[in-house]
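target11.pdb (PDB, C-alpha atoms, pLDDT in the B column)
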MODEL        1
ATOM      1  CA  MET E   1      17.820  61.678  16.494  1.00 51.00           C
ATOM      2  CA  ARG E   2      18.139  59.899  13.146  1.00 53.00           C
ATOM      3  CA  VAL E   3      19.810  56.979  14.877  1.00 46.00           C
ATOM      4  CA  ILE E   4      16.959  56.746  17.380  1.00 49.00           C
ATOM      5  CA  VAL E   5      14.283  56.853  14.639  1.00 46.00           C
ATOM      6  CA  SER E   6      16.135  54.214  12.628  1.00 54.00           C
ATOM      7  CA  LEU E   7      16.404  51.982  15.675  1.00 48.00           C
ATOM      8  CA  LEU E   8      12.672  52.380  16.430  1.00 46.00           C
ATOM      9  CA  LEU E   9      11.763  51.489  12.835  1.00 50.00           C
ATOM     10  CA  SER E  10      13.979  48.435  12.966  1.00 54.00           C
ATOM     11  CA  LEU E  11      12.339  47.277  16.171  1.00 46.00           C
ATOM     12  CA  MET E  12       8.881  47.798  14.702  1.00 50.00           C
ATOM     13  CA  LEU E  13       9.732  45.820  11.590  1.00 49.00           C
ATOM     14  CA  ALA E  14      11.281  43.049  13.670  1.00 51.00           C
ATOM     15  CA  GLY E  15       8.140  42.913  15.766  1.00 45.00           C
ATOM     16  CA  CYS E  16       6.011  42.547  12.653  1.00 49.00           C
ATOM     17  CA  ALA E  17       8.214  39.746  11.365  1.00 51.00           C
ATOM     18  CA  THR E  18       8.296  37.745  14.575  1.00 61.00           C
ATOM     19  CA  GLY E  19       4.860  38.595  15.902  1.00 85.00           C
ATOM     20  CA  LEU E  20       2.803  37.236  13.011  1.00 94.00           C
ATOM     21  CA  LYS E  21      -0.711  36.401  14.159  1.00 94.00           C
ATOM     22  CA  ILE E  22      -2.797  33.841  12.271  1.00 95.00           C
ATOM     23  CA  ASN E  23      -6.528  33.504  12.797  1.00 93.00           C
ATOM     24  CA  HIS E  24      -7.593  29.836  13.087  1.00 90.00           C
ATOM     25  CA  GLU E  25     -11.299  30.493  13.700  1.00 91.00           C
ATOM     26  CA  HIS E  26     -12.537  29.617  10.183  1.00 91.00           C
ATOM     27  CA  PRO E  27     -11.361  26.127   9.140  1.00 91.00           C
ATOM     28  CA  SER E  28     -12.602  24.972   5.737  1.00 92.00           C
ATOM     29  CA  VAL E  29     -14.766  21.866   5.468  1.00 88.00           C
ATOM     30  CA  ASN E  30     -13.119  21.110   2.106  1.00 88.00           C
ATOM     31  CA  GLN E  31     -10.177  19.029   3.237  1.00 83.00           C
ATOM     32  CA  ASP E  32      -9.080  15.500   4.011  1.00 82.00           C
ATOM     33  CA  SER E  33      -5.961  13.648   5.075  1.00 88.00           C
ATOM     34  CA  ARG E  34      -2.818  13.645   2.972  1.00 90.00           C
ATOM     35  CA  ALA E  35      -2.727   9.883   3.549  1.00 94.00           C
ATOM     36  CA  GLN E  36      -5.061   8.097   1.127  1.00 97.00           C
ATOM     37  CA  TYR E  37      -3.430   4.668   1.148  1.00 98.00           C
ATOM     38  CA  ILE E  38      -1.666   2.263   3.492  1.00 98.00           C
ATOM     39  CA  ILE E  39       1.024   0.280   1.706  1.00 98.00           C
ATOM     40  CA  LEU E  40       2.501  -2.889   3.211  1.00 98.00           C
ATOM     41  CA  HIS E  41       5.992  -4.246   2.619  1.00 98.00           C
ATOM     42  CA  TYR E  42       8.487  -6.811   3.855  1.00 98.00           C
ATOM     43  CA  THR E  43      12.080  -5.743   4.434  1.00 98.00           C
ATOM     44  CA  SER E  44      14.139  -8.678   3.063  1.00 97.00           C
ATOM     45  CA  ALA E  45      16.524  -8.041   5.961  1.00 97.00           C
ATOM     46  CA  SER E  46      17.016  -8.628   9.667  1.00 97.00           C
ATOM     47  CA  GLU E  47      15.551  -6.248  12.226  1.00 97.00           C
ATOM     48  CA  ALA E  48      18.876  -4.533  12.916  1.00 97.00           C
ATOM     49  CA  ARG E  49      19.675  -4.222   9.219  1.00 97.00           C
ATOM     50  CA  SER E  50      16.146  -2.985   8.475  1.00 98.00           C
ATOM     51  CA  LEU E  51      16.426  -0.261  11.103  1.00 98.00           C
ATOM     52  CA  ALA E  52      19.760   0.842   9.677  1.00 98.00           C
ATOM     53  CA  LEU E  53      18.508   0.932   6.098  1.00 97.00           C
ATOM     54  CA  LEU E  54      15.254   2.703   6.923  1.00 98.00           C
ATOM     55  CA  THR E  55      16.835   5.373   9.117  1.00 98.00           C
ATOM     56  CA  HIS E  56      20.167   6.027   7.410  1.00 97.00           C
ATOM     57  CA  GLY E  57      19.860   4.477   3.961  1.00 93.00           C
ATOM     58  CA  GLU E  58      18.207   5.735   0.794  1.00 95.00           C
ATOM     59  CA  VAL E  59      14.713   4.508   1.722  1.00 97.00           C
ATOM     60  CA  SER E  60      12.378   4.989   4.670  1.00 98.00           C
ATOM     61  CA  SER E  61       8.927   4.099   5.945  1.00 98.00           C
ATOM     62  CA  HIS E  62       6.573   5.494   8.525  1.00 98.00           C
ATOM     63  CA  TYR E  63       6.564   2.302  10.577  1.00 98.00           C
ATOM     64  CA  LEU E  64       8.601  -0.860  10.984  1.00 98.00           C
ATOM     65  CA  ILE E  65       7.329  -3.997  12.737  1.00 98.00           C
ATOM     66  CA  GLY E  66      10.118  -6.109  14.203  1.00 98.00           C
ATOM     67  CA  ASP E  67      10.311  -9.883  14.225  1.00 95.00           C
ATOM     68  CA  GLN E  68      11.347 -11.068  17.690  1.00 84.00           C
ATOM     69  CA  ARG E  69       8.841  -9.240  19.899  1.00 90.00           C
ATOM     70  CA  ALA E  70       7.073  -7.527  16.997  1.00 95.00           C
ATOM     71  CA  THR E  71       8.087  -4.102  18.291  1.00 97.00           C
ATOM     72  CA  VAL E  72       6.407  -1.299  16.344  1.00 98.00           C
ATOM     73  CA  TYR E  73       8.878   1.456  15.479  1.00 98.00           C
ATOM     74  CA  GLN E  74       7.731   4.816  14.133  1.00 98.00           C
ATOM     75  CA  LEU E  75      10.498   6.094  11.883  1.00 98.00           C
ATOM     76  CA  VAL E  76       8.777   8.973  10.048  1.00 98.00           C
ATOM     77  CA  ASP E  77       6.008  11.274  11.225  1.00 98.00           C
ATOM     78  CA  GLU E  78       2.731  10.526   9.430  1.00 98.00           C
ATOM     79  CA  ASN E  79       2.543  14.128   8.240  1.00 96.00           C
ATOM     80  CA  GLN E  80       5.856  13.706   6.456  1.00 97.00           C
ATOM     81  CA  ARG E  81       6.539  11.824   3.236  1.00 97.00           C
ATOM     82  CA  ALA E  82       8.480   8.563   3.617  1.00 98.00           C
ATOM     83  CA  TRP E  83      10.385   7.009   0.717  1.00 97.00           C
ATOM     84  CA  HIS E  84       8.872   3.534   0.582  1.00 98.00           C
ATOM     85  CA  ALA E  85       6.753   3.254  -2.582  1.00 97.00           C
ATOM     86  CA  GLY E  86       9.072   4.521  -5.289  1.00 96.00           C
ATOM     87  CA  GLU E  87       7.776   4.454  -8.867  1.00 96.00           C
ATOM     88  CA  SER E  88       4.213   3.317  -8.323  1.00 98.00           C
ATOM     89  CA  GLN E  89       0.613   3.703  -9.402  1.00 98.00           C
ATOM     90  CA  TRP E  90      -2.832   2.825  -8.026  1.00 98.00           C
ATOM     91  CA  GLN E  91      -6.274   4.030  -9.067  1.00 97.00           C
ATOM     92  CA  GLY E  92      -4.620   6.393 -11.522  1.00 96.00           C
ATOM     93  CA  ARG E  93      -2.447   8.071  -8.895  1.00 97.00           C
ATOM     94  CA  THR E  94       1.297   7.918  -9.387  1.00 97.00           C
ATOM     95  CA  TRP E  95       4.355   8.155  -7.122  1.00 96.00           C
ATOM     96  CA  LEU E  96       2.402   7.189  -4.030  1.00 98.00           C
ATOM     97  CA  ASN E  97       4.965   8.293  -1.453  1.00 98.00           C
ATOM     98  CA  SER E  98       3.110  11.595  -1.310  1.00 97.00           C
ATOM     99  CA  SER E  99      -0.296  10.083  -0.575  1.00 97.00           C
ATOM    100  CA  SER E 100       0.418   7.003   1.535  1.00 98.00           C
ATOM    101  CA  ILE E 101       1.634   5.652   4.839  1.00 98.00           C
ATOM    102  CA  GLY E 102       4.187   2.881   4.489  1.00 98.00           C
ATOM    103  CA  ILE E 103       4.563  -0.037   6.886  1.00 98.00           C
ATOM    104  CA  GLU E 104       7.554  -2.361   6.644  1.00 98.00           C
ATOM    105  CA  ILE E 105       7.516  -5.787   8.311  1.00 98.00           C
ATOM    106  CA  VAL E 106      10.766  -7.554   9.143  1.00 98.00           C
ATOM    107  CA  ASN E 107      10.748 -10.679   6.989  1.00 98.00           C
ATOM    108  CA  PRO E 108      13.444 -12.243   4.760  1.00 97.00           C
ATOM    109  CA  GLY E 109      11.011 -12.591   1.878  1.00 98.00           C
ATOM    110  CA  TYR E 110      12.107 -15.740   0.096  1.00 98.00           C
ATOM    111  CA  ARG E 111      15.020 -17.919  -0.864  1.00 97.00           C
ATOM    112  CA  ASP E 112      15.486 -19.825  -4.091  1.00 97.00           C
ATOM    113  CA  THR E 113      16.376 -23.503  -3.720  1.00 97.00           C
ATOM    114  CA  PRO E 114      16.872 -26.386  -6.186  1.00 97.00           C
ATOM    115  CA  ALA E 115      13.335 -27.479  -5.289  1.00 94.00           C
ATOM    116  CA  GLY E 116      11.874 -24.035  -5.999  1.00 94.00           C
ATOM    117  CA  ARG E 117      11.242 -20.757  -4.242  1.00 95.00           C
ATOM    118  CA  VAL E 118      10.596 -20.920  -0.495  1.00 97.00           C
ATOM    119  CA  TRP E 119       8.770 -18.038   1.193  1.00 98.00           C
ATOM    120  CA  TYR E 120       9.153 -17.073   4.834  1.00 98.00           C
ATOM    121  CA  PRO E 121       6.008 -16.811   6.983  1.00 98.00           C
ATOM    122  CA  TYR E 122       5.048 -13.911   9.228  1.00 98.00           C
ATOM    123  CA  SER E 123       4.798 -14.529  12.962  1.00 97.00           C
ATOM    124  CA  GLU E 124       1.515 -14.358  14.841  1.00 97.00           C
ATOM    125  CA  ALA E 125       2.882 -11.504  16.943  1.00 97.00           C
ATOM    126  CA  GLN E 126       3.698  -9.511  13.808  1.00 98.00           C
ATOM    127  CA  ILE E 127       0.219 -10.004  12.370  1.00 98.00           C
ATOM    128  CA  GLN E 128      -1.483  -8.983  15.605  1.00 98.00           C
ATOM    129  CA  ALA E 129       0.688  -5.868  15.837  1.00 98.00           C
ATOM    130  CA  LEU E 130       0.046  -5.061  12.181  1.00 98.00           C
ATOM    131  CA  ILE E 131      -3.728  -5.370  12.489  1.00 98.00           C
ATOM    132  CA  ALA E 132      -3.762  -3.053  15.503  1.00 98.00           C
ATOM    133  CA  LEU E 133      -1.505  -0.524  13.759  1.00 98.00           C
ATOM    134  CA  VAL E 134      -3.387  -0.527  10.450  1.00 98.00           C
ATOM    135  CA  ALA E 135      -6.737  -0.245  12.228  1.00 98.00           C
ATOM    136  CA  ASP E 136      -5.517   2.804  14.129  1.00 98.00           C
ATOM    137  CA  ILE E 137      -4.087   4.507  11.035  1.00 98.00           C
ATOM    138  CA  ALA E 138      -7.116   3.747   8.869  1.00 98.00           C
ATOM    139  CA  LYS E 139      -9.495   5.113  11.492  1.00 98.00           C
ATOM    140  CA  ARG E 140      -7.597   8.348  12.042  1.00 98.00           C
ATOM    141  CA  HIS E 141      -7.102   9.074   8.343  1.00 98.00           C
ATOM    142  CA  HIS E 142     -10.444   7.666   7.140  1.00 98.00           C
ATOM    143  CA  ILE E 143      -8.701   5.265   4.753  1.00 98.00           C
ATOM    144  CA  PRO E 144     -11.200   2.841   3.160  1.00 98.00           C
ATOM    145  CA  PRO E 145     -10.494  -0.922   3.060  1.00 98.00           C
ATOM    146  CA  ARG E 146      -9.895  -0.812  -0.707  1.00 97.00           C
ATOM    147  CA  ASN E 147      -6.932   1.474  -0.151  1.00 98.00           C
ATOM    148  CA  ILE E 148      -4.979  -0.941   2.061  1.00 98.00           C
ATOM    149  CA  ILE E 149      -2.668  -2.579  -0.450  1.00 98.00           C
ATOM    150  CA  GLY E 150       0.734  -4.159  -0.980  1.00 98.00           C
ATOM    151  CA  HIS E 151       3.909  -2.960  -2.648  1.00 98.00           C
ATOM    152  CA  SER E 152       3.401  -5.591  -5.334  1.00 98.00           C
ATOM    153  CA  ASP E 153      -0.017  -4.112  -6.132  1.00 98.00           C
ATOM    154  CA  ILE E 154       1.332  -0.641  -6.839  1.00 98.00           C
ATOM    155  CA  ALA E 155       4.597  -1.747  -8.508  1.00 98.00           C
ATOM    156  CA  PRO E 156       3.919  -5.223  -9.969  1.00 98.00           C
ATOM    157  CA  LEU E 157       6.745  -5.088 -12.504  1.00 98.00           C
ATOM    158  CA  ARG E 158       9.454  -4.776  -9.880  1.00 96.00           C
ATOM    159  CA  LYS E 159       8.145  -5.790  -6.435  1.00 98.00           C
ATOM    160  CA  LEU E 160       6.841  -8.986  -4.803  1.00 98.00           C
ATOM    161  CA  ASP E 161       6.274  -7.853  -1.221  1.00 98.00           C
ATOM    162  CA  PRO E 162       4.499  -8.559   1.039  1.00 98.00           C
ATOM    163  CA  GLY E 163       4.440 -11.934  -0.768  1.00 98.00           C
ATOM    164  CA  PRO E 164       2.073 -14.907  -1.083  1.00 98.00           C
ATOM    165  CA  LEU E 165       2.180 -15.820   2.615  1.00 98.00           C
ATOM    166  CA  PHE E 166       0.846 -12.470   3.716  1.00 98.00           C
ATOM    167  CA  PRO E 167      -2.592 -12.997   5.357  1.00 98.00           C
ATOM    168  CA  TRP E 168      -4.710 -10.593   3.317  1.00 98.00           C
ATOM    169  CA  LYS E 169      -7.925 -12.408   4.170  1.00 98.00           C
ATOM    170  CA  ARG E 170      -7.241 -12.075   7.871  1.00 98.00           C
ATOM    171  CA  LEU E 171      -6.836  -8.323   7.506  1.00 98.00           C
ATOM    172  CA  ALA E 172     -10.002  -8.150   5.423  1.00 98.00           C
ATOM    173  CA  ASP E 173     -11.882 -10.089   8.101  1.00 98.00           C
ATOM    174  CA  ALA E 174     -10.839  -7.299  10.479  1.00 98.00           C
ATOM    175  CA  GLY E 175     -12.230  -4.700   8.078  1.00 98.00           C
ATOM    176  CA  LEU E 176      -8.766  -3.761   6.801  1.00 98.00           C
ATOM    177  CA  GLY E 177      -9.004  -4.757   3.169  1.00 98.00           C
ATOM    178  CA  ILE E 178     -11.381  -6.369   0.724  1.00 98.00           C
ATOM    179  CA  TRP E 179     -11.923 -10.062   0.072  1.00 98.00           C
ATOM    180  CA  PRO E 180     -14.335 -11.895  -2.243  1.00 98.00           C
ATOM    181  CA  ALA E 181     -17.099 -14.088  -0.804  1.00 98.00           C
ATOM    182  CA  PRO E 182     -16.437 -17.743  -1.787  1.00 98.00           C
ATOM    183  CA  ALA E 183     -20.069 -18.401  -2.756  1.00 98.00           C
ATOM    184  CA  ALA E 184     -20.099 -15.388  -5.076  1.00 98.00           C
ATOM    185  CA  VAL E 185     -16.800 -16.482  -6.634  1.00 98.00           C
ATOM    186  CA  ALA E 186     -18.134 -19.993  -7.248  1.00 98.00           C
ATOM    187  CA  GLN E 187     -21.217 -18.576  -8.939  1.00 98.00           C
ATOM    188  CA  GLN E 188     -19.214 -16.319 -11.229  1.00 98.00           C
ATOM    189  CA  LYS E 189     -16.656 -19.054 -11.963  1.00 98.00           C
ATOM    190  CA  ALA E 190     -19.386 -21.346 -13.310  1.00 98.00           C
ATOM    191  CA  ARG E 191     -20.316 -18.606 -15.763  1.00 97.00           C
ATOM    192  CA  PHE E 192     -16.720 -17.949 -16.852  1.00 98.00           C
ATOM    193  CA  ASP E 193     -16.009 -21.683 -17.221  1.00 98.00           C
ATOM    194  CA  VAL E 194     -18.561 -21.691 -20.033  1.00 98.00           C
ATOM    195  CA  ASN E 195     -17.804 -18.269 -21.474  1.00 97.00           C
ATOM    196  CA  PRO E 196     -14.198 -17.160 -20.790  1.00 97.00           C
ATOM    197  CA  PRO E 197     -13.630 -13.403 -20.996  1.00 98.00           C
ATOM    198  CA  SER E 198     -11.208 -11.753 -23.395  1.00 98.00           C
ATOM    199  CA  ILE E 199      -7.784 -10.422 -22.417  1.00 98.00           C
ATOM    200  CA  GLY E 200      -9.191  -6.944 -22.887  1.00 98.00           C
ATOM    201  CA  TRP E 201     -11.830  -7.709 -20.267  1.00 98.00           C
ATOM    202  CA  TYR E 202      -9.116  -8.733 -17.754  1.00 98.00           C
ATOM    203  CA  GLN E 203      -7.202  -5.534 -18.452  1.00 98.00           C
ATOM    204  CA  GLN E 204     -10.298  -3.407 -17.984  1.00 98.00           C
ATOM    205  CA  GLN E 205     -11.261  -5.127 -14.731  1.00 98.00           C
ATOM    206  CA  LEU E 206      -7.718  -4.983 -13.313  1.00 98.00           C
ATOM    207  CA  ALA E 207      -7.603  -1.248 -14.073  1.00 98.00           C
ATOM    208  CA  ARG E 208     -11.021  -0.799 -12.496  1.00 98.00           C
ATOM    209  CA  LEU E 209      -9.742  -2.439  -9.312  1.00 98.00           C
ATOM    210  CA  GLY E 210      -6.752  -0.088  -9.234  1.00 98.00           C
ATOM    211  CA  TYR E 211      -3.882  -1.730 -11.098  1.00 98.00           C
ATOM    212  CA  ASN E 212      -1.809   0.024 -13.739  1.00 98.00           C
ATOM    213  CA  VAL E 213      -2.143  -2.309 -16.728  1.00 98.00           C
ATOM    214  CA  PRO E 214      -2.044  -1.886 -20.526  1.00 97.00           C
ATOM    215  CA  GLN E 215      -5.377  -1.726 -22.357  1.00 97.00           C
ATOM    216  CA  SER E 216      -4.110  -3.482 -25.469  1.00 97.00           C
ATOM    217  CA  GLY E 217      -6.233  -6.616 -25.580  1.00 98.00           C
ATOM    218  CA  VAL E 218      -2.985  -8.622 -25.733  1.00 98.00           C
ATOM    219  CA  LEU E 219      -1.611 -10.939 -23.032  1.00 98.00           C
ATOM    220  CA  ASP E 220       1.809  -9.328 -23.009  1.00 98.00           C
ATOM    221  CA  LEU E 221       4.456  -9.727 -20.301  1.00 98.00           C
ATOM    222  CA  THR E 222       3.308  -6.613 -18.431  1.00 98.00           C
ATOM    223  CA  THR E 223      -0.286  -7.844 -18.301  1.00 98.00           C
ATOM    224  CA  GLN E 224       0.910 -11.239 -17.030  1.00 98.00           C
ATOM    225  CA  ARG E 225       2.942  -9.579 -14.280  1.00 98.00           C
ATOM    226  CA  VAL E 226      -0.003  -7.420 -13.197  1.00 98.00           C
ATOM    227  CA  LEU E 227      -2.391 -10.388 -13.269  1.00 98.00           C
ATOM    228  CA  GLY E 228       0.160 -12.375 -11.252  1.00 98.00           C
ATOM    229  CA  ALA E 229       0.315  -9.601  -8.624  1.00 98.00           C
ATOM    230  CA  PHE E 230      -3.476  -9.618  -8.397  1.00 98.00           C
ATOM    231  CA  GLN E 231      -3.495 -13.415  -8.029  1.00 98.00           C
ATOM    232  CA  MET E 232      -0.789 -13.290  -5.343  1.00 98.00           C
ATOM    233  CA  HIS E 233      -2.982 -10.927  -3.338  1.00 98.00           C
ATOM    234  CA  PHE E 234      -6.319 -12.678  -3.764  1.00 98.00           C
ATOM    235  CA  ARG E 235      -5.401 -16.277  -4.700  1.00 98.00           C
ATOM    236  CA  ALA E 236      -1.940 -16.969  -3.390  1.00 98.00           C
ATOM    237  CA  ARG E 237      -1.958 -20.708  -4.088  1.00 97.00           C
ATOM    238  CA  LEU E 238      -1.513 -19.989  -7.830  1.00 98.00           C
ATOM    239  CA  TYR E 239      -0.144 -16.701  -9.161  1.00 98.00           C
ATOM    240  CA  ASP E 240       1.255 -17.637 -12.560  1.00 98.00           C
ATOM    241  CA  GLY E 241      -0.173 -14.594 -14.340  1.00 98.00           C
ATOM    242  CA  GLN E 242      -2.316 -16.729 -16.632  1.00 98.00           C
ATOM    243  CA  PRO E 243      -5.998 -15.887 -17.101  1.00 98.00           C
ATOM    244  CA  ASP E 244      -8.479 -18.485 -15.857  1.00 98.00           C
ATOM    245  CA  ALA E 245     -12.113 -18.683 -14.814  1.00 98.00           C
ATOM    246  CA  GLU E 246     -11.392 -18.434 -11.095  1.00 98.00           C
ATOM    247  CA  SER E 247      -9.267 -15.296 -11.488  1.00 98.00           C
ATOM    248  CA  ALA E 248     -11.991 -13.754 -13.639  1.00 98.00           C
ATOM    249  CA  ALA E 249     -14.603 -14.641 -11.017  1.00 98.00           C
ATOM    250  CA  ILE E 250     -12.579 -13.076  -8.200  1.00 98.00           C
ATOM    251  CA  LEU E 251     -12.072  -9.906 -10.251  1.00 98.00           C
ATOM    252  CA  GLN E 252     -15.773  -9.690 -11.041  1.00 98.00           C
ATOM    253  CA  VAL E 253     -16.817 -10.175  -7.432  1.00 98.00           C
ATOM    254  CA  LEU E 254     -14.323  -7.619  -6.105  1.00 98.00           C
ATOM    255  CA  ASN E 255     -15.402  -4.997  -8.607  1.00 98.00           C
ATOM    256  CA  ASN E 256     -19.057  -5.603  -7.782  1.00 97.00           C
ATOM    257  CA  MET E 257     -18.436  -4.948  -4.098  1.00 95.00           C
ATOM    258  CA  PRO E 258     -19.520  -1.547  -2.768  1.00 88.00           C
TER
ENDMDL
END
Let's see the structure in the file written out as structure tokens.
Amino acid sequence: MRVIVSLLLSLMLAGCATGLKINHEHPSVNQDSRAQYIILHYTSASEARSLALLTHGEVSSHYLIGDQRATVYQLVDENQRAWHAGESQWQGRTWLNSSSIGIEIVNPGYRDTPAGRVWYPYSEAQIQALIALVADIAKRHHIPPRNIIGHSDIAPLRKLDPGPLFPWKRLADAGLGIWPAPAAVAQQKARFDVNPPSIGWYQQQLARLGYNVPQSGVLDLTTQRVLGAFQMHFRARLYDGQPDAESAAILQVLNNMP
């Protein structure tokens, strides 16, 4: 009899453990997507090498866009954390792997030559695939244009991707990023030509836009690197990290945008 009772109790307990019922009838309105940012990269490797590194190496990304036929590979589920951002910061948030979706694009990056650094362009097929992919992700996760950024924006001291040939304006024209209106920049530049802002002003405005930058009032190496990353994104023809009226105007216009 004791054996029978013990067996019945065991079965009852097992049923409780495996038959858990969860009521899903009362979802809270106080929630949003884990993904707050889309971060864009280049791979600095061939398509085959990129696939190997991103699936069996020490890094990963949610998506990879190939180079030949611009195949879009999903490597990590969007609900999972991919290891693509590393040590990073944007808008005060740190270690952005936990709050972002990473997209890698097959591209060699650059090569250094006796005549200077040469950057590799992205193909038209890659850009078209990227715009479609980013638009889909941004819509599903309600990611605002301001939160579509590059690896160099969130880690300017150690990263250059997606580089100066990346078509940020083209993405912004598709509603997938922000871009300053030329007329507004020209108007602000005329003002800054006459009255240049202080280094502290640049640091404050860069931080307001999202960058992690010292607030020292001194044009130190870190501030130059951050300013250079900003210039590479929004004025790729000159990204020397030196303050000038045009850079100030672009910053002002961007931070005045809604």
Name the residues, using the chain letters and numbers of the file, that sit within 9 Å of (9.6, 1.6, -1.9) when counting all atoms listed in the file, and give them as a VMD selection string.
chain E and resid 41 59 to 61 82 to 88 97 102 151 155 159
Counting only C-alpha atoms, the option among E:Gln204, E:Ser28, E:Ser50, E:Gln215 closest to E:Leu251:
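The closest residue to E:Leu251 is E:Gln204.
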Convert the output of the PyMOL selection byres ((chain E and resi 229) around 12) on the shown file into explicit residues, formatted as a PDB file with C-alpha atoms, in the frame of the given file.
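Result file follows (out-v2.pdb):
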ATOM      1  CA  ILE E 149      -2.668  -2.579  -0.450  1.00 98.00           C
ATOM      2  CA  GLY E 150       0.734  -4.159  -0.980  1.00 98.00           C
ATOM      3  CA  HIS E 151       3.909  -2.960  -2.648  1.00 98.00           C
ATOM      4  CA  SER E 152       3.401  -5.591  -5.334  1.00 98.00           C
ATOM      5  CA  ASP E 153      -0.017  -4.112  -6.132  1.00 98.00           C
ATOM      6  CA  ILE E 154       1.332  -0.641  -6.839  1.00 98.00           C
ATOM      7  CA  ALA E 155       4.597  -1.747  -8.508  1.00 98.00           C
ATOM      8  CA  PRO E 156       3.919  -5.223  -9.969  1.00 98.00           C
ATOM      9  CA  LEU E 157       6.745  -5.088 -12.504  1.00 98.00           C
ATOM     10  CA  ARG E 158       9.454  -4.776  -9.880  1.00 96.00           C
ATOM     11  CA  LYS E 159       8.145  -5.790  -6.435  1.00 98.00           C
ATOM     12  CA  LEU E 160       6.841  -8.986  -4.803  1.00 98.00           C
ATOM     13  CA  ASP E 161       6.274  -7.853  -1.221  1.00 98.00           C
ATOM     14  CA  PRO E 162       4.499  -8.559   1.039  1.00 98.00           C
ATOM     15  CA  GLY E 163       4.440 -11.934  -0.768  1.00 98.00           C
ATOM     16  CA  PRO E 164       2.073 -14.907  -1.083  1.00 98.00           C
ATOM     17  CA  LEU E 206      -7.718  -4.983 -13.313  1.00 98.00           C
ATOM     18  CA  GLY E 210      -6.752  -0.088  -9.234  1.00 98.00           C
ATOM     19  CA  TYR E 211      -3.882  -1.730 -11.098  1.00 98.00           C
ATOM     20  CA  ASN E 212      -1.809   0.024 -13.739  1.00 98.00           C
ATOM     21  CA  VAL E 213      -2.143  -2.309 -16.728  1.00 98.00           C
ATOM     22  CA  THR E 222       3.308  -6.613 -18.431  1.00 98.00           C
ATOM     23  CA  THR E 223      -0.286  -7.844 -18.301  1.00 98.00           C
ATOM     24  CA  GLN E 224       0.910 -11.239 -17.030  1.00 98.00           C
ATOM     25  CA  ARG E 225       2.942  -9.579 -14.280  1.00 98.00           C
ATOM     26  CA  VAL E 226      -0.003  -7.420 -13.197  1.00 98.00           C
ATOM     27  CA  LEU E 227      -2.391 -10.388 -13.269  1.00 98.00           C
ATOM     28  CA  GLY E 228       0.160 -12.375 -11.252  1.00 98.00           C
ATOM     29  CA  PHE E 230      -3.476  -9.618  -8.397  1.00 98.00           C
ATOM     30  CA  GLN E 231      -3.495 -13.415  -8.029  1.00 98.00           C
ATOM     31  CA  MET E 232      -0.789 -13.290  -5.343  1.00 98.00           C
ATOM     32  CA  HIS E 233      -2.982 -10.927  -3.338  1.00 98.00           C
ATOM     33  CA  PHE E 234      -6.319 -12.678  -3.764  1.00 98.00           C
ATOM     34  CA  ARG E 235      -5.401 -16.277  -4.700  1.00 98.00           C
ATOM     35  CA  ALA E 236      -1.940 -16.969  -3.390  1.00 98.00           C
ATOM     36  CA  LEU E 238      -1.513 -19.989  -7.830  1.00 98.00           C
ATOM     37  CA  TYR E 239      -0.144 -16.701  -9.161  1.00 98.00           C
ATOM     38  CA  ASP E 240       1.255 -17.637 -12.560  1.00 98.00           C
ATOM     39  CA  GLY E 241      -0.173 -14.594 -14.340  1.00 98.00           C
ATOM     40  CA  GLN E 242      -2.316 -16.729 -16.632  1.00 98.00           C
ATOM     41  CA  SER E 247      -9.267 -15.296 -11.488  1.00 98.00           C
TER      42      SER E 247
END
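Reported to one decimal place, the separation of atom CA of E:Ile143 from atom CA of E:Ile127 is 19.3 Å.
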If I take atom CA of E:Asn23 and atom CA of E:Ser98, how far is one from the other in Å, to one decimal?
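For atom CA of E:Asn23 relative to atom CA of E:Ser98, the distance reads 27.8 Å.
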Between atom CA of E:Ala174 and atom CA of E:Tyr122, what is the spacing in Å?
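These atoms are spaced 17.3 Å apart.
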Around all the atoms of stretch 179-186 of chain E listed in the file, with 6 Å of room on each side, what axis-aligned box do you get, giving centre and edge lengths in Å to one decimal, as JSON?
{"center_x": -16.0, "center_y": -15.0, "center_z": -3.6, "size_x": 20.2, "size_y": 21.9, "size_z": 19.3}
Find the residue from E:Ala190, E:Val118, E:Ile148, E:Val185 that sits nearest to E:Ala35; use all atoms listed in the file when measuring.
E:Ile148
Determine the residue set returned by the PyMOL selection byres ((chain E and resi 249) around 8) for the present structure, and present it as an mmCIF file with C-alpha atoms, in the coordinates of the input.
data_model
loop_
_atom_site.group_PDB
_atom_site.id
_atom_site.type_symbol
_atom_site.label_atom_id
_atom_site.label_comp_id
_atom_site.auth_asym_id
_atom_site.auth_seq_id
_atom_site.Cartn_x
_atom_site.Cartn_y
_atom_site.Cartn_z
ATOM 1 C CA VAL E 185 -16.800 -16.482 -6.634
ATOM 2 C CA ALA E 186 -18.134 -19.993 -7.248
ATOM 3 C CA GLN E 187 -21.217 -18.576 -8.939
ATOM 4 C CA GLN E 188 -19.214 -16.319 -11.229
ATOM 5 C CA LYS E 189 -16.656 -19.054 -11.963
ATOM 6 C CA PHE E 192 -16.720 -17.949 -16.852
ATOM 7 C CA ALA E 245 -12.113 -18.683 -14.814
ATOM 8 C CA GLU E 246 -11.392 -18.434 -11.095
ATOM 9 C CA SER E 247 -9.267 -15.296 -11.488
ATOM 10 C CA ALA E 248 -11.991 -13.754 -13.639
ATOM 11 C CA ILE E 250 -12.579 -13.076 -8.200
ATOM 12 C CA LEU E 251 -12.072 -9.906 -10.251
ATOM 13 C CA GLN E 252 -15.773 -9.690 -11.041
ATOM 14 C CA VAL E 253 -16.817 -10.175 -7.432
#
To test your reading of the syntax: which residues would the PyMOL selection byres ((chain E and resi 47) around 9) return for the file shown? Reply as a ChimeraX atom specification.
/E:43,45-46,48-52,64-68,105-107
